[in-house]
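See below for data20.tsv, which holds TSV, C-alpha atoms (C1' of nucleotides).
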chain	number	residue	atom	x	y	z
Y	1	MET	CA	68.25	71.79	81.62
Y	2	PHE	CA	70.61	73.99	79.73
Y	3	SER	CA	74.23	73.17	80.09
Y	4	LEU	CA	76.62	76.04	80.25
Y	5	ASP	CA	79.48	75.43	77.90
Y	6	THR	CA	82.72	75.95	79.70
Y	7	THR	CA	84.65	73.70	77.38
Y	8	ALA	CA	88.16	74.81	76.74
Y	9	PHE	CA	88.54	76.36	73.36
Y	10	PRO	CA	90.61	74.35	70.90
Y	11	LEU	CA	94.02	75.64	69.97
Y	12	PRO	CA	93.40	77.67	66.84
Y	13	ASP	CA	95.58	77.66	63.79
Y	14	PRO	CA	98.30	80.25	64.45
Y	15	ARG	CA	97.34	82.05	61.25
Y	16	GLN	CA	93.76	82.39	62.42
Y	17	ALA	CA	94.89	83.66	65.80
Y	18	LEU	CA	97.14	86.24	64.17
Y	19	ALA	CA	94.46	87.35	61.76
Y	20	LEU	CA	92.08	87.85	64.66
Y	21	ALA	CA	94.74	89.81	66.52
Y	22	ASP	CA	95.26	92.00	63.46
Y	23	ALA	CA	91.56	92.68	63.26
Y	24	LEU	CA	91.17	93.44	66.95
Y	25	CYS	CA	94.11	95.84	67.00
Y	26	ARG	CA	92.94	97.63	63.88
Y	27	GLU	CA	89.50	97.96	65.43
Y	28	ARG	CA	90.98	99.36	68.63
Y	29	GLY	CA	93.36	101.72	66.89
Y	30	VAL	CA	96.46	100.20	68.45
Y	31	ARG	CA	99.52	99.06	66.55
Y	32	LEU	CA	100.31	95.39	66.29
Y	33	THR	CA	103.83	96.10	65.07
Y	34	GLU	CA	106.02	93.54	63.38
Y	35	LEU	CA	107.82	92.77	66.65
Y	36	ARG	CA	104.65	92.39	68.68
Y	37	ARG	CA	103.08	90.29	65.98
Y	38	ARG	CA	106.15	88.09	65.81
Y	39	VAL	CA	106.14	87.53	69.57
Y	40	LEU	CA	102.49	86.54	69.39
Y	41	GLU	CA	103.27	84.22	66.50
Y	42	ILE	CA	106.09	82.59	68.45
Y	43	LEU	CA	103.69	81.91	71.28
Y	44	TRP	CA	101.08	80.46	68.97
Y	45	ASN	CA	103.64	78.29	67.21
Y	46	SER	CA	104.67	76.71	70.47
Y	47	PRO	CA	102.74	73.72	71.80
Y	48	THR	CA	103.38	74.94	75.33
Y	49	PRO	CA	103.61	78.35	76.97
Y	50	LEU	CA	106.98	80.05	76.78
Y	51	GLY	CA	109.05	82.15	79.14
Y	52	ALA	CA	110.29	85.56	78.08
Y	53	TYR	CA	113.80	84.30	77.53
Y	54	ALA	CA	112.68	81.39	75.38
Y	55	ILE	CA	110.88	83.92	73.20
Y	56	LEU	CA	114.03	85.99	73.09
Y	57	ASP	CA	115.99	82.98	71.88
Y	58	VAL	CA	113.61	82.53	68.97
Y	59	LEU	CA	113.84	86.20	68.09
Y	60	ARG	CA	117.60	85.85	67.98
Y	61	GLU	CA	117.29	82.84	65.71
Y	62	ASP	CA	115.34	85.18	63.47
Y	63	GLY	CA	118.48	87.25	63.28
Y	64	ARG	CA	116.93	90.10	65.20
Y	65	LEU	CA	119.02	91.76	67.86
Y	66	GLY	CA	117.29	92.06	71.14
Y	67	ALA	CA	117.56	92.26	74.87
Y	68	PRO	CA	115.04	91.35	77.56
Y	69	PRO	CA	113.19	94.69	77.42
Y	70	THR	CA	112.42	94.06	73.77
Y	71	VAL	CA	110.45	90.97	74.69
Y	72	TYR	CA	108.92	92.26	77.90
Y	73	ARG	CA	107.57	95.36	76.19
Y	74	ALA	CA	105.96	93.31	73.48
Y	75	LEU	CA	104.49	90.98	76.10
Y	76	GLU	CA	103.18	93.95	78.05
Y	77	PHE	CA	101.37	95.21	74.99
Y	78	LEU	CA	99.89	91.80	74.21
Y	79	LEU	CA	98.75	91.42	77.81
Y	80	GLU	CA	97.11	94.85	77.77
Y	81	GLN	CA	95.26	93.93	74.62
Y	82	GLY	CA	94.16	90.62	76.10
Y	83	LEU	CA	95.90	88.69	73.34
Y	84	ILE	CA	97.96	86.60	75.72
Y	85	HIS	CA	97.85	85.43	79.32
Y	86	ARG	CA	100.61	85.18	81.86
Y	87	LEU	CA	100.75	82.07	84.03
Y	88	ALA	CA	102.25	83.40	87.22
Y	89	SER	CA	102.94	80.04	88.78
Y	90	GLN	CA	105.25	79.16	85.88
Y	91	ASN	CA	106.54	82.53	84.70
Y	92	VAL	CA	105.34	81.80	81.19
Y	93	PHE	CA	103.06	83.32	78.61
Y	94	THR	CA	100.48	81.76	76.32
Y	95	GLY	CA	98.14	82.93	73.60
Y	96	CYS	CA	94.61	83.74	74.68
Y	97	ARG	CA	92.02	81.44	73.13
Y	98	GLN	CA	89.18	83.96	73.31
Y	99	PRO	CA	90.76	87.34	72.73
Y	100	GLY	CA	87.57	89.05	71.67
Y	101	ASN	CA	86.24	89.76	75.13
Y	102	ARG	CA	88.49	90.71	77.98
Y	103	HIS	CA	88.51	88.08	80.69
Y	104	ASN	CA	90.66	86.53	83.34
Y	105	GLY	CA	90.61	82.92	82.34
Y	106	GLN	CA	91.32	79.81	84.31
Y	107	PHE	CA	94.06	77.40	83.44
Y	108	LEU	CA	94.82	73.73	83.78
Y	109	ILE	CA	98.59	73.42	83.68
Y	110	CYS	CA	100.31	70.08	83.22
Y	111	GLN	CA	103.42	69.98	85.34
Y	112	ASP	CA	104.91	67.17	83.27
Y	113	CYS	CA	104.59	68.40	79.71
Y	114	GLY	CA	103.72	72.04	80.27
Y	115	GLN	CA	100.59	71.98	78.13
Y	116	VAL	CA	97.82	74.29	79.16
Y	117	ASP	CA	94.07	74.22	78.84
Y	118	GLU	CA	92.24	77.52	79.09
Y	119	LEU	CA	88.79	77.53	80.64
Y	120	ASN	CA	86.36	80.26	81.24
Y	121	ASN	CA	83.88	79.20	83.86
Y	122	PRO	CA	81.77	82.27	84.59
Y	123	THR	CA	80.46	80.74	87.81
Y	124	ILE	CA	83.90	80.53	89.30
Y	125	GLU	CA	84.70	84.05	88.16
Y	126	GLU	CA	81.43	85.28	89.63
Y	127	SER	CA	82.00	83.48	92.94
Y	128	LEU	CA	85.36	85.10	93.34
Y	129	ARG	CA	83.91	88.47	92.49
Y	130	ALA	CA	81.20	87.91	95.11
Y	131	GLU	CA	83.77	86.99	97.75
Y	132	ALA	CA	85.59	90.20	97.01
Y	133	VAL	CA	82.43	92.28	97.20
Y	134	ALA	CA	81.50	90.67	100.52
Y	135	ARG	CA	84.80	91.93	101.92
Y	136	LYS	CA	84.56	95.32	100.27
Y	137	PHE	CA	87.62	94.44	98.25
Y	138	GLU	CA	87.89	96.01	94.82
Y	139	ALA	CA	88.74	93.10	92.54
Y	140	LEU	CA	90.74	94.12	89.49
Y	141	ALA	CA	92.03	90.80	88.20
Y	142	GLN	CA	91.86	87.10	88.91
Y	143	ARG	CA	94.60	84.53	88.60
Y	144	VAL	CA	93.26	81.00	88.64
Y	145	GLU	CA	95.62	78.14	87.88
Y	146	VAL	CA	95.17	74.44	88.50
Y	147	LEU	CA	98.39	72.45	88.52
Y	148	GLY	CA	98.49	68.74	87.83
Y	149	ARG	CA	98.84	66.20	85.04
Y	150	CYS	CA	97.08	66.07	81.73
Y	151	LEU	CA	95.53	62.93	80.31
Y	152	ASP	CA	98.42	62.20	77.96
Y	153	CYS	CA	100.98	62.33	80.72
Y	154	ARG	CA	98.87	60.14	82.97
Y	155	ARG	CA	98.69	57.56	80.19
Y	156	GLU	CA	102.44	57.72	79.76
Y	157	THR	CA	103.06	56.99	83.40
Y	158	ILE	CA	100.72	54.03	83.35
Y	159	ASN	CA	102.35	52.58	80.23
Y	160	HIS	CA	105.83	52.98	81.58
Y	161	ALA	CA	104.84	51.44	84.89
Y	162	VAL	CA	103.95	48.14	83.17
W	1	MET	CA	68.82	78.73	104.55
W	2	PHE	CA	72.15	77.83	106.00
W	3	SER	CA	74.96	80.13	105.14
W	4	LEU	CA	78.31	78.60	104.48
W	5	ASP	CA	80.95	80.50	106.34
W	6	THR	CA	83.72	81.42	104.01
W	7	THR	CA	84.85	84.33	106.10
W	8	ALA	CA	88.53	84.93	106.05
W	9	PHE	CA	90.20	83.76	109.21
W	10	PRO	CA	91.57	86.53	111.39
W	11	LEU	CA	95.30	86.92	111.64
W	12	PRO	CA	96.24	84.90	114.70
W	13	ASP	CA	98.68	85.95	117.33
W	14	PRO	CA	102.12	84.87	116.04
W	15	ARG	CA	102.68	82.90	119.24
W	16	GLN	CA	99.50	80.94	118.68
W	17	ALA	CA	100.43	80.23	115.10
W	18	LEU	CA	103.85	78.99	116.13
W	19	ALA	CA	102.45	76.83	118.91
W	20	LEU	CA	100.08	75.24	116.45
W	21	ALA	CA	102.93	74.67	114.01
W	22	ASP	CA	104.93	73.02	116.79
W	23	ALA	CA	102.04	70.73	117.59
W	24	LEU	CA	101.37	69.79	113.98
W	25	CYS	CA	105.00	68.99	113.27
W	26	ARG	CA	105.36	66.91	116.42
W	27	GLU	CA	102.23	65.04	115.47
W	28	ARG	CA	103.54	64.39	111.97
W	29	GLY	CA	107.00	63.41	113.10
W	30	VAL	CA	108.74	66.14	111.14
W	31	ARG	CA	111.25	68.57	112.52
W	32	LEU	CA	110.35	72.21	112.92
W	33	THR	CA	113.96	73.20	113.43
W	34	GLU	CA	115.04	76.50	114.90
W	35	LEU	CA	115.67	77.95	111.44
W	36	ARG	CA	112.35	76.82	110.01
W	37	ARG	CA	110.53	78.03	113.08
W	38	ARG	CA	112.26	81.39	112.86
W	39	VAL	CA	111.30	81.82	109.21
W	40	LEU	CA	107.71	81.05	110.07
W	41	GLU	CA	107.88	83.52	112.93
W	42	ILE	CA	109.25	86.21	110.63
W	43	LEU	CA	106.34	85.69	108.31
W	44	TRP	CA	103.81	85.84	111.12
W	45	ASN	CA	105.38	88.97	112.54
W	46	SER	CA	104.97	90.77	109.25
W	47	PRO	CA	101.70	92.54	108.45
W	48	THR	CA	102.17	91.66	104.80
W	49	PRO	CA	103.61	88.69	102.94
W	50	LEU	CA	107.36	88.71	102.44
W	51	GLY	CA	109.68	87.72	99.64
W	52	ALA	CA	112.50	85.29	100.26
W	53	TYR	CA	115.10	88.02	100.26
W	54	ALA	CA	113.21	90.13	102.74
W	55	ILE	CA	113.17	87.12	105.05
W	56	LEU	CA	116.88	86.70	104.46
W	57	ASP	CA	117.45	90.30	105.52
W	58	VAL	CA	115.69	89.69	108.82
W	59	LEU	CA	117.71	86.53	109.43
W	60	ARG	CA	120.86	88.55	108.89
W	61	GLU	CA	119.65	91.14	111.36
W	62	ASP	CA	119.41	88.21	113.77
W	63	GLY	CA	123.13	87.79	113.27
W	64	ARG	CA	122.70	84.52	111.47
W	65	LEU	CA	124.79	83.91	108.40
W	66	GLY	CA	122.84	82.78	105.45
W	67	ALA	CA	122.48	82.64	101.74
W	68	PRO	CA	119.37	82.29	99.60
W	69	PRO	CA	119.25	78.49	99.80
W	70	THR	CA	118.96	78.77	103.57
W	71	VAL	CA	115.69	80.61	103.20
W	72	TYR	CA	114.35	78.70	100.23
W	73	ARG	CA	114.86	75.37	101.92
W	74	ALA	CA	113.03	76.51	105.01
W	75	LEU	CA	110.22	77.86	102.85
W	76	GLU	CA	110.06	74.59	100.96
W	77	PHE	CA	109.60	72.70	104.19
W	78	LEU	CA	106.92	75.08	105.44
W	79	LEU	CA	105.09	74.82	102.12
W	80	GLU	CA	105.21	71.04	102.24
W	81	GLN	CA	103.75	71.09	105.72
W	82	GLY	CA	101.02	73.50	104.67
W	83	LEU	CA	102.19	76.06	107.21
W	84	ILE	CA	102.62	78.80	104.65
W	85	HIS	CA	101.33	79.71	101.21
W	86	ARG	CA	103.18	81.11	98.25
W	87	LEU	CA	101.50	83.88	96.29
W	88	ALA	CA	102.86	83.26	92.83
W	89	SER	CA	101.66	86.52	91.34
W	90	GLN	CA	103.80	88.45	93.83
W	91	ASN	CA	106.66	86.08	94.58
W	92	VAL	CA	105.92	86.29	98.27
W	93	PHE	CA	105.07	83.97	101.13
W	94	THR	CA	102.53	84.25	103.92
W	95	GLY	CA	101.53	82.21	106.94
W	96	CYS	CA	98.60	79.86	106.45
W	97	ARG	CA	95.59	80.80	108.56
W	98	GLN	CA	94.21	77.26	108.73
W	99	PRO	CA	97.20	74.97	108.81
W	100	GLY	CA	95.38	72.01	110.29
W	101	ASN	CA	93.87	70.71	107.11
W	102	ARG	CA	95.75	70.80	103.86
W	103	HIS	CA	94.08	73.10	101.40
W	104	ASN	CA	94.78	75.36	98.50
W	105	GLY	CA	93.30	78.59	99.70
W	106	GLN	CA	92.17	81.62	97.79
W	107	PHE	CA	93.66	85.04	98.27
W	108	LEU	CA	92.62	88.64	98.00
W	109	ILE	CA	95.80	90.60	97.45
W	110	CYS	CA	95.90	94.36	97.78
W	111	GLN	CA	98.21	95.76	95.15
W	112	ASP	CA	98.62	99.02	97.06
W	113	CYS	CA	99.51	97.90	100.58
W	114	GLY	CA	100.29	94.24	100.00
W	115	GLN	CA	97.91	92.97	102.63
W	116	VAL	CA	96.33	89.62	102.00
W	117	ASP	CA	93.06	88.02	102.97
W	118	GLU	CA	92.91	84.25	102.87
W	119	LEU	CA	89.60	82.66	101.97
W	120	ASN	CA	88.58	79.10	101.66
W	121	ASN	CA	85.46	78.86	99.60
W	122	PRO	CA	84.83	75.16	99.12
W	123	THR	CA	82.43	75.82	96.26
W	124	ILE	CA	85.10	77.47	94.17
W	125	GLU	CA	87.55	74.74	95.01
W	126	GLU	CA	84.98	72.12	94.10
W	127	SER	CA	84.08	73.83	90.83
W	128	LEU	CA	87.70	73.87	89.78
W	129	ARG	CA	88.08	70.24	90.73
W	130	ALA	CA	84.99	69.41	88.67
W	131	GLU	CA	86.37	71.26	85.65
W	132	ALA	CA	89.53	69.23	85.93
W	133	VAL	CA	87.67	65.95	86.23
W	134	ALA	CA	85.56	66.81	83.19
W	135	ARG	CA	88.78	67.11	81.19
W	136	LYS	CA	90.37	64.03	82.73
W	137	PHE	CA	93.00	66.29	84.20
W	138	GLU	CA	94.54	65.17	87.47
W	139	ALA	CA	94.38	68.27	89.66
W	140	LEU	CA	97.11	68.39	92.26
W	141	ALA	CA	97.00	71.99	93.42
W	142	GLN	CA	95.06	75.17	92.88
W	143	ARG	CA	96.38	78.71	92.80
W	144	VAL	CA	93.63	81.27	93.15
W	145	GLU	CA	94.57	84.91	93.59
W	146	VAL	CA	92.40	87.98	93.26
W	147	LEU	CA	94.33	91.20	92.75
W	148	GLY	CA	92.89	94.58	93.63
W	149	ARG	CA	92.55	97.09	96.42
W	150	CYS	CA	91.54	96.55	100.01
W	151	LEU	CA	89.03	98.70	101.81
W	152	ASP	CA	91.66	100.74	103.68
W	153	CYS	CA	93.48	101.68	100.52
W	154	ARG	CA	90.27	102.60	98.76
W	155	ARG	CA	89.45	104.92	101.66
W	156	GLU	CA	92.89	106.47	101.45
W	157	THR	CA	92.47	107.29	97.82
W	158	ILE	CA	89.13	108.91	98.44
W	159	ASN	CA	90.45	111.00	101.32
W	160	HIS	CA	93.48	112.17	99.41
W	161	ALA	CA	91.32	113.09	96.47
W	162	VAL	CA	89.46	115.69	98.58
G	1	DC	C1'	130.54	55.04	119.47
G	2	DG	C1'	130.05	54.60	114.33
G	3	DT	C1'	127.08	55.15	110.46
G	4	DG	C1'	123.36	56.51	107.54
G	5	DT	C1'	120.31	60.31	107.14
G	6	DT	C1'	118.72	64.87	107.45
G	7	DA	C1'	119.64	69.75	107.81
G	8	DT	C1'	122.45	73.66	107.04
G	9	DG	C1'	126.49	76.34	105.15
G	10	DT	C1'	128.78	78.05	101.04
G	11	DT	C1'	129.89	79.28	96.42
G	12	DA	C1'	128.50	80.08	92.18
G	13	DT	C1'	125.27	80.73	88.75
G	14	DA	C1'	120.85	80.59	86.21
G	15	DG	C1'	116.47	82.73	85.33
G	16	DA	C1'	113.07	86.61	85.52
G	17	DG	C1'	112.19	91.35	85.22
G	18	DT	C1'	113.03	96.51	85.11
G	19	DA	C1'	115.32	101.35	85.10
G	20	DA	C1'	117.24	104.68	82.40
G	21	DC	C1'	118.59	106.67	78.51
G	22	DA	C1'	119.68	106.62	73.29
G	23	DT	C1'	117.92	105.95	68.82
G	24	DT	C1'	114.69	105.22	65.34
G	25	DG	C1'	109.90	105.25	63.28
G	26	DT	C1'	105.26	107.30	62.77
G	27	DT	C1'	101.93	110.69	62.59
G	28	DA	C1'	100.05	114.92	62.33
G	29	DT	C1'	100.23	119.36	61.34
G	30	DA	C1'	102.21	123.79	60.02
F	1	DT	C1'	107.79	118.46	52.90
F	2	DA	C1'	109.95	120.07	57.16
F	3	DT	C1'	109.33	119.50	61.72
F	4	DA	C1'	107.68	118.76	66.09
F	5	DA	C1'	105.47	115.40	69.16
F	6	DC	C1'	104.93	111.00	70.28
F	7	DA	C1'	105.33	105.97	70.02
F	8	DA	C1'	108.27	102.04	69.58
F	9	DT	C1'	112.59	99.82	69.76
F	10	DG	C1'	117.68	99.44	70.88
F	11	DT	C1'	121.12	99.24	74.47
F	12	DT	C1'	123.43	98.98	78.81
F	13	DA	C1'	123.32	97.88	83.20
F	14	DC	C1'	121.30	96.23	87.01
F	15	DT	C1'	117.98	94.15	90.62
F	16	DC	C1'	115.34	90.49	92.24
F	17	DT	C1'	114.12	85.53	92.36
F	18	DA	C1'	115.57	80.92	92.52
F	19	DT	C1'	118.44	76.71	92.17
F	20	DA	C1'	122.63	73.50	91.38
F	21	DA	C1'	126.36	71.45	93.46
F	22	DC	C1'	129.17	70.33	96.87
F	23	DA	C1'	130.93	70.81	101.91
F	24	DT	C1'	130.03	70.54	106.68
F	25	DA	C1'	127.43	69.82	110.75
F	26	DA	C1'	123.64	67.82	113.54
F	27	DC	C1'	120.73	64.02	114.60
F	28	DA	C1'	118.93	59.29	115.16
F	29	DC	C1'	119.54	54.82	116.03
F	30	DG	C1'	121.46	50.21	116.14
Produce C-alpha cells that represent the structure in this file.
Amino acid sequence: MFSLDTTAFPLPDPRQALALADALCRERGVRLTELRRRVLEILWNSPTPLGAYAILDVLREDGRLGAPPTVYRALEFLLEQGLIHRLASQNVFTGCRQPGNRHNGQFLICQDCGQVDELNNPTIEESLRAEAVARKFEALAQRVEVLGRCLDCRRETINHAV
Amino acid sequence: MFSLDTTAFPLPDPRQALALADALCRERGVRLTELRRRVLEILWNSPTPLGAYAILDVLREDGRLGAPPTVYRALEFLLEQGLIHRLASQNVFTGCRQPGNRHNGQFLICQDCGQVDELNNPTIEESLRAEAVARKFEALAQRVEVLGRCLDCRRETINHAV
DNA sequence: CGTGTTATGTTATAGAGTAACATTGTTATA
DNA sequence: TATAACAATGTTACTCTATAACATAACACG
C-alpha cells in the first residue's frame, strides 16, 4: 500500500523561503518590493504567526515610518501570491510552507504557544470540494483550522503538574 | 452501499430552535436568561449570520440599554452551550442546526449574500482528528469554512449577464 | 434574611481592518 | 530624456471587532 505523504513541511530557513519567493515573483512578473519582502521576512523570522500590528511594530523598529495600510497592503499582495496564509481564527499571518502551488492548506494551531503546523491533506480538501458540489455551491476557498495544544505544551503541563 | 447522510439540516422554525435551547439548558442546569434567549432569537430570526454589533443594534431597537460586553457575554454563553457557531472568517455568529450533540460543524459561506449552510461530515472531522493524532497534537476544536457562492447568487449573476 | 455566586450594566480602551486621497517610484513609449 | 500612465507607498482619519475592569443587580441557598 502506498502511503500518501501529508506530513507537515518543516519550517524552512528564512533565507531559503525568501529566495523561493524572489524566484516565484520573478517568474510571475510581479514585484516583490523591498517592503513586501521585508514583511515576508518578518513572518519567516518569527517562530509563531504574527498579527498585522506586530508586523508594524517590527517595521517601526527598522526605522521605517508606517501606518496600518502599509502592512495590510503588503499582506494582501503576499496572500494573492500564495506566499503567506491568514489564520482567521487568530487574526494572524504565517509564511506558506509550499508556496509553489496554490492551495488552501490546513492548520494545527497551538492555543498555548501559538505555533502552527501546516498540512495539506488532499483527501480533506477533496471531501470539502465534493460537499460543495453536492449542494451546487461554488467553492472558492477553504479555511481549515484545528485548535488545540502541541506536543511541547502538553509536555510542559505534565511536568508542571508533578 | 449505504450512503452517509451529510445533508445540511434545514433552517428550523425559530420557535422550535428556542424551545430546544430551553430544554437543553434546563437539562444541563444552566440558565438561558432572557438576554441570552433574546440574542439566540435574534440570530434565528435572521436569514444570515450576524455580527455582534448588528445584534447589539437589534437589542437597542428592543429598547434595552446595552454595550458590546452585553452581547459578547451572551454569545460566549451560547457558544459554550453549543447553541451557536462563530464563523471566524466573517466575524459573525449563527444558530447551530444540531445543538443536541456538541460538534464542530463545517460551513459553506456565500460571500455574495452571506447565507450559510451547515454540514457535519464525520469523515472530514475524523480525518482532521487523525492528522492531529499523527502529530501528537491535542485537537480541541475544528474550524472548517468553505467560502464561495451559493446557487441563488450564481443564478443571479447569470441572469444579470444576459 | 444574609451571603456567596452568577449575570448584567457601564466606562473606557485595545486590537483589527479599510476608505480616501496625497505622494513617490517605475515603466514604457514618444 | 521628457512625459504620461500606472503601480506602490505615505498619511490621515475612521469603522468595526473585542475585551478589561469595575459597579450594580439578580439569584440561590443555607
Who sits within 10 Å of region 24-26 of chain G, all atoms listed in the file, same chain under 2 positions skipped, as a PDB file with C-alpha atoms (C1' of nucleotides), keeping the file's coordinate frame:
ATOM      1  C1'  DA G  22     119.680 106.620  73.290  1.00  0.00           C
ATOM      2  C1'  DA G  28     100.050 114.920  62.330  1.00  0.00           C
TER       3       DA G  28
ATOM      4  C1'  DC F   6     104.930 111.000  70.280  1.00  0.00           C
ATOM      5  C1'  DA F   7     105.330 105.970  70.020  1.00  0.00           C
ATOM      6  C1'  DA F   8     108.270 102.040  69.580  1.00  0.00           C
ATOM      7  C1'  DT F   9     112.590  99.820  69.760  1.00  0.00           C
ATOM      8  C1'  DG F  10     117.680  99.440  70.880  1.00  0.00           C
TER       9       DG F  10
END
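CA of Leu32 (chain W) to CA of Asp62 (chain W) spans 18.4 Å [interatomic distance, one decimal].
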Using all atoms listed in the file, find the one residue out of W:Ala134, W:Leu56, W:Ile124, W:Cys153 that sits nearest to chain Y.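 Selected residue with least distance to chain Y: W:Ile124.
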Smallest atom-to-atom distance to chain F: which of W:Pro10, W:Gly63, W:Pro49, W:Pro68, using all atoms listed in the file? W:Pro68
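Take C1' of DT13 (chain G) and CA of Ala52 (chain W): the distance between them is 17.8 Å.
If all atoms listed in the file are the atoms counted, then among F:DA25, F:DA20, F:DA13, F:DA5 the closest residue to chain Y is F:DA13.
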Contacts of chain W with chain G up to 8 Å, shortest pair per row, all atoms listed in the file, as CSV:
residue,atom,partner,partner_atom,distance
W:Gly66,CA,G:DG9,C1',7.4
W:Ala67,CA,G:DT10,C1',7.8
W:Thr70,CA,G:DT8,C1',7.1
I need the contact residues of chain Y against chain W, so if you could list those with any atom within 9 Å, counting only C-alpha atoms, and return them as JSON, numbers by chain, that would help. {"Y": [6, 7, 8, 87, 88, 89, 90, 91, 106, 108, 109, 110, 119, 121, 123, 124, 125, 127, 128, 129, 131, 132, 135, 136, 137, 138, 139, 140, 141, 142, 143, 144, 145, 146, 147, 148, 149, 150, 151, 154]}
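Every chain F residue lying within 9 Å of chain W, based on all atoms listed in the file, is listed here: DC16, DT17, DA18 and DT19 of chain F.
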Selection above as a file: C-alpha atoms (C1' of nucleotides), as a compact mmCIF listing (two decimals), keeping the file's coordinate frame:
# COMPACT_ATOMS: atom_id res chain seq x y z
C1' DC F 16 115.34 90.49 92.24
C1' DT F 17 114.12 85.53 92.36
C1' DA F 18 115.57 80.92 92.52
C1' DT F 19 118.44 76.71 92.17
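The two atoms in question, CA of Phe77 (chain Y) and CA of Ala19 (chain Y), are spaced 16.9 Å apart.
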For Pro12 (chain Y), which residue among Y:Leu43, Y:Val30, Y:Leu50, Y:Ala74 is the nearest when counting all atoms listed in the file?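 Looking at the shortest contact to Pro12 (chain Y), the residue is Y:Leu43.
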Which residue of Y:Leu78, Y:Leu40, Y:Cys113, Y:Leu20 approaches Leu59 (chain Y) most closely, using all atoms listed in the file: Y:Leu40
So that all listed atoms of region 19-28 of chain F fit with 5 Å spare on each side, what axis-aligned box centre and edge lengths in Å, to one decimal, would you give as AutoDock Vina command-line options?
--center_x 124.7 --center_y 68.0 --center_z 103.3 --size_x 22.5 --size_y 27.4 --size_z 33.8
Take region 132-149 of chain Y, model N, CA and C atoms, and hand the result over as a CSV table (one decimal), keeping the file's coordinate frame.
chain,number,residue,atom,x,y,z
Y,132,ALA,N,84.9,88.9,96.9
Y,132,ALA,CA,85.6,90.2,97.0
Y,132,ALA,C,84.6,91.3,97.5
Y,133,VAL,N,83.5,91.3,96.8
Y,133,VAL,CA,82.4,92.3,97.2
Y,133,VAL,C,82.1,92.1,98.7
Y,134,ALA,N,81.9,90.9,99.1
Y,134,ALA,CA,81.5,90.7,100.5
Y,134,ALA,C,82.5,91.3,101.5
Y,135,ARG,N,83.7,91.4,101.0
Y,135,ARG,CA,84.8,91.9,101.9
Y,135,ARG,C,85.2,93.3,101.5
Y,136,LYS,N,84.3,93.9,100.7
Y,136,LYS,CA,84.6,95.3,100.3
Y,136,LYS,C,85.9,95.5,99.6
Y,137,PHE,N,86.3,94.4,98.9
Y,137,PHE,CA,87.6,94.4,98.2
Y,137,PHE,C,87.4,94.7,96.8
Y,138,GLU,N,88.1,95.7,96.2
Y,138,GLU,CA,87.9,96.0,94.8
Y,138,GLU,C,88.7,95.1,93.9
Y,139,ALA,N,88.0,94.1,93.3
Y,139,ALA,CA,88.7,93.1,92.5
Y,139,ALA,C,89.1,93.6,91.2
Y,140,LEU,N,90.3,93.6,90.8
Y,140,LEU,CA,90.7,94.1,89.5
Y,140,LEU,C,91.2,93.0,88.5
Y,141,ALA,N,91.6,91.9,89.1
Y,141,ALA,CA,92.0,90.8,88.2
Y,141,ALA,C,92.0,89.5,89.0
Y,142,GLN,N,91.8,88.4,88.3
Y,142,GLN,CA,91.9,87.1,88.9
Y,142,GLN,C,92.9,86.2,88.3
Y,143,ARG,N,93.6,85.5,89.1
Y,143,ARG,CA,94.6,84.5,88.6
Y,143,ARG,C,94.2,83.2,89.1
Y,144,VAL,N,93.7,82.3,88.2
Y,144,VAL,CA,93.3,81.0,88.6
Y,144,VAL,C,94.0,79.9,87.8
Y,145,GLU,N,94.8,79.2,88.5
Y,145,GLU,CA,95.6,78.1,87.9
Y,145,GLU,C,95.5,76.8,88.6
Y,146,VAL,N,95.2,75.8,87.9
Y,146,VAL,CA,95.2,74.4,88.5
Y,146,VAL,C,96.4,73.7,88.0
Y,147,LEU,N,97.2,73.2,88.9
Y,147,LEU,CA,98.4,72.4,88.5
Y,147,LEU,C,98.1,71.0,88.7
Y,148,GLY,N,98.7,70.2,87.7
Y,148,GLY,CA,98.5,68.7,87.8
Y,148,GLY,C,99.1,68.0,86.6
Y,149,ARG,N,98.4,67.0,86.2
Y,149,ARG,CA,98.8,66.2,85.0
Y,149,ARG,C,97.7,66.0,84.0
